[in-house]
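Engineer: Structure in structure tokens, see below.
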Amino acid sequence: MGIIGFIFIIGAYLIGSISSAVLISRLFHLPDPRHSGSENPGATNVYRLGGRFPAVLVLLLDILKGVIPVWGGYFAGLPPIILGGVAIAVCFGHMFPIFFHFEGGKGVATAFGAVLPIGLDLGGLLIVTWLIVLLVTGYSSAAALLTVLLAPLFTWLIKPEYTLPVSMLACLIILRHHSNILRLWNQTESKIVNRREKK
């Protein structure tokens, strides 16, 4: 790995360490999402704590911080394996942010942003998969996990040279969701969409 790749990886980690959820929560005078609700500083928890608008802002900012370093690395001519390292670094920064006491989120939106430069067709497949699983199950975590599991397959079908880095990123996201997997298994996970709501 050359000096340019190293700089991109370090820069990606620092960009990832900017916690959108914490900053937006402070802007809207909401409880700290690291210590309230599900205690996960991500868009889903901000939605529970403050509603749709701040959650959408968090989602867009988390996606954007995944897009910026990877797209920059792509235009800088970094090879796929180094771009994978950049993607992992930005997600690692989101999960363990140096600016916020290493208390970060699960990295799903940031990972989506990181793989988006591969192609809008891949992004579309991931969004459709996430929405279908969310509407069927009602669980945001289940939607994220199944989408992440299918991401390497979708990547292989679209741009196979990026399958390995996307697979590495998927493993990181799944490991970060270990507590959600346990709650889903024990049927104690909270739903974000309740299909049995009274009309």
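FYI, nothing fancy with the structure tokens labels: chains A, B, ... in order, residues from 1 per chain, ligands from 1 as they appear.
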Extract, using only C-alpha atoms, all DNA, RNA and protein residues at most 8 Å from Leu125 in chain A, discarding same-chain residues fewer than 4 positions from it, and format them as a ChimeraX atom specification.
Structural biologist: /A:121,129,154
Engineer: Name the residues of range 7-172 of chain A that fall into helix (DSSP H, G or I) according to DSSP on the backbone, using the chain letters and numbers of this document, as a PyMOL selection string.
Structural biologist: chain A and resi 7-16+20-27+43-50+52-75+80-95+98-100+108-118+120-137+140-158+160-172
Engineer: Compare A:Ile24, A:Val86, A:Leu164, A:Leu30 by their minimum atom-to-atom distance to Ile4 in chain A, counting only C-alpha atoms, and give me the closest one.
Structural biologist: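 Of all the options, A:Val86 lies closest to Ile4 in chain A.
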Engineer: Just to confirm, what's the straight-line distance from CA of Ser19 in chain A to CA of Pro54 in chain A in Å (one decimal)?
Structural biologist: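 For CA of Ser19 in chain A relative to CA of Pro54 in chain A, the distance reads 13.3 Å.
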Engineer: Give the answer as one residue: which of A:Arg52, A:Leu14, A:Ser141, A:Val115 has the shortest atom-to-atom distance to Trp71 in chain A, using only C-alpha atoms?
Structural biologist: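 Looking at the shortest contact to Trp71 in chain A, the residue is A:Val115.
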Engineer: Could you jot down the CA of Glu189 in chain A to CA of Thr137 in chain A separation for me, Å, one decimal place?
Structural biologist: 11.2 Å
Engineer: One number please: CA of Leu120 in chain A to CA of Arg176 in chain A, in Å, one decimal.
Structural biologist: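 Interatomic distance, CA of Leu120 in chain A to CA of Arg176 in chain A: 25.5 Å.
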Engineer: Which of these, A:Ser36, A:Asn180, A:Ser190, A:Ser140, has the shortest distance to Val22 in chain A once you count only C-alpha atoms?
Structural biologist: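 Residue with the minimum atom-to-atom distance to Val22 in chain A: A:Ser36.
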Engineer: Kindly indicate which residue among A:Leu175, A:Gly42, A:Val148, A:Leu131 lies nearest to Leu60 in chain A, using only C-alpha atoms for the distances.
Structural biologist: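 Closest residue, counting only C-alpha atoms: A:Gly42.
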Engineer: Determine the nearest neighbour of Gly123 in chain A from the options A:Leu57, A:Ala111, A:Ile3, A:Ile82, counting only C-alpha atoms.
Structural biologist: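 So, comparing all the options, the nearest one is A:Ala111.
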Engineer: Any chance you could tabulate, as JSON lines, the residues of range 29-67 of chain A at most 12 Å from range 88-108 of chain A with each one's nearest atom pair and distance in Å to one decimal, using only C-alpha atoms, in chain and rising number order?
Structural biologist:
{"residue": "A:Asp32", "atom": "CA", "partner": "A:Glu103", "partner_atom": "CA", "distance": 11.2}
{"residue": "A:Pro33", "atom": "CA", "partner": "A:Gly105", "partner_atom": "CA", "distance": 9.6}
{"residue": "A:Arg34", "atom": "CA", "partner": "A:Glu103", "partner_atom": "CA", "distance": 6.9}
{"residue": "A:His35", "atom": "CA", "partner": "A:Glu103", "partner_atom": "CA", "distance": 9.7}
{"residue": "A:Ser38", "atom": "CA", "partner": "A:Gly105", "partner_atom": "CA", "distance": 10.6}
{"residue": "A:Glu39", "atom": "CA", "partner": "A:Gly105", "partner_atom": "CA", "distance": 8.8}
{"residue": "A:Asn40", "atom": "CA", "partner": "A:Gly105", "partner_atom": "CA", "distance": 5.3}
{"residue": "A:Pro41", "atom": "CA", "partner": "A:Gly105", "partner_atom": "CA", "distance": 4.9}
{"residue": "A:Gly42", "atom": "CA", "partner": "A:Gly105", "partner_atom": "CA", "distance": 5.6}
{"residue": "A:Ala43", "atom": "CA", "partner": "A:Gly105", "partner_atom": "CA", "distance": 9.2}
{"residue": "A:Thr44", "atom": "CA", "partner": "A:Gly105", "partner_atom": "CA", "distance": 10.3}
{"residue": "A:Asn45", "atom": "CA", "partner": "A:Gly105", "partner_atom": "CA", "distance": 9.8}
{"residue": "A:Val46", "atom": "CA", "partner": "A:Gly105", "partner_atom": "CA", "distance": 11.3}
{"residue": "A:Val58", "atom": "CA", "partner": "A:Gly105", "partner_atom": "CA", "distance": 11.5}
{"residue": "A:Leu59", "atom": "CA", "partner": "A:Val108", "partner_atom": "CA", "distance": 9.6}
{"residue": "A:Leu60", "atom": "CA", "partner": "A:Val108", "partner_atom": "CA", "distance": 11.9}
{"residue": "A:Leu61", "atom": "CA", "partner": "A:His94", "partner_atom": "CA", "distance": 11.5}
{"residue": "A:Asp62", "atom": "CA", "partner": "A:Gly107", "partner_atom": "CA", "distance": 8.2}
{"residue": "A:Ile63", "atom": "CA", "partner": "A:Val108", "partner_atom": "CA", "distance": 8.7}
{"residue": "A:Leu64", "atom": "CA", "partner": "A:Val90", "partner_atom": "CA", "distance": 10.9}
{"residue": "A:Lys65", "atom": "CA", "partner": "A:Val90", "partner_atom": "CA", "distance": 7.6}
{"residue": "A:Gly66", "atom": "CA", "partner": "A:Val90", "partner_atom": "CA", "distance": 6.3}
{"residue": "A:Val67", "atom": "CA", "partner": "A:Val90", "partner_atom": "CA", "distance": 9.4}
Engineer: Report as a PyMOL selection string all protein, DNA and RNA residues lying within 12 Å of Pro160 in chain A, evaluated on only C-alpha atoms, omitting residues in the same chain fewer than 5 positions from it.
Structural biologist: chain A and resi 80+118-119+122+151-155+165-167
Engineer: Print the selection's residues with N, CA and C atoms to a file, as a compact mmCIF listing (two decimals), in the first residue's frame.
Structural biologist:
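This went into out_33.txt:
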# COMPACT_ATOMS: atom_id res chain seq x y z
N PRO A 80 -9.05 -1.85 -6.19
CA PRO A 80 -10.22 -2.30 -5.42
C PRO A 80 -9.92 -2.72 -3.98
N ILE A 118 -19.70 1.99 -6.32
CA ILE A 118 -19.59 0.83 -7.21
C ILE A 118 -20.62 0.92 -8.32
N GLY A 119 -21.79 1.46 -8.01
CA GLY A 119 -22.81 1.62 -9.04
C GLY A 119 -24.18 1.90 -8.44
N LEU A 122 -26.28 -1.25 -7.95
CA LEU A 122 -26.05 -1.94 -6.68
C LEU A 122 -26.80 -1.23 -5.55
N ALA A 151 -25.27 -8.32 -0.07
CA ALA A 151 -24.45 -7.32 -0.77
C ALA A 151 -23.29 -7.93 -1.56
N PRO A 152 -22.53 -8.90 -1.01
CA PRO A 152 -21.45 -9.49 -1.82
C PRO A 152 -21.96 -10.19 -3.09
N LEU A 153 -23.12 -10.85 -2.99
CA LEU A 153 -23.69 -11.51 -4.16
C LEU A 153 -24.09 -10.47 -5.21
N PHE A 154 -24.76 -9.41 -4.79
CA PHE A 154 -25.14 -8.36 -5.73
C PHE A 154 -23.90 -7.75 -6.38
N THR A 155 -22.86 -7.55 -5.59
CA THR A 155 -21.62 -6.96 -6.10
C THR A 155 -20.98 -7.89 -7.13
N PRO A 165 -13.65 -6.88 -1.22
CA PRO A 165 -13.78 -5.79 -0.24
C PRO A 165 -15.19 -5.63 0.32
N VAL A 166 -16.21 -5.85 -0.50
CA VAL A 166 -17.58 -5.75 0.00
C VAL A 166 -17.86 -6.88 0.98
N SER A 167 -17.31 -8.06 0.73
CA SER A 167 -17.48 -9.18 1.66
C SER A 167 -16.81 -8.88 3.00
Engineer: Taking only C-alpha atoms into account, which of A:Arg183, A:Val56, A:Arg48, A:Leu83 comes nearest Ile7 in chain A?
Structural biologist: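 Among the listed residues, A:Leu83 lies closest to Ile7 in chain A.
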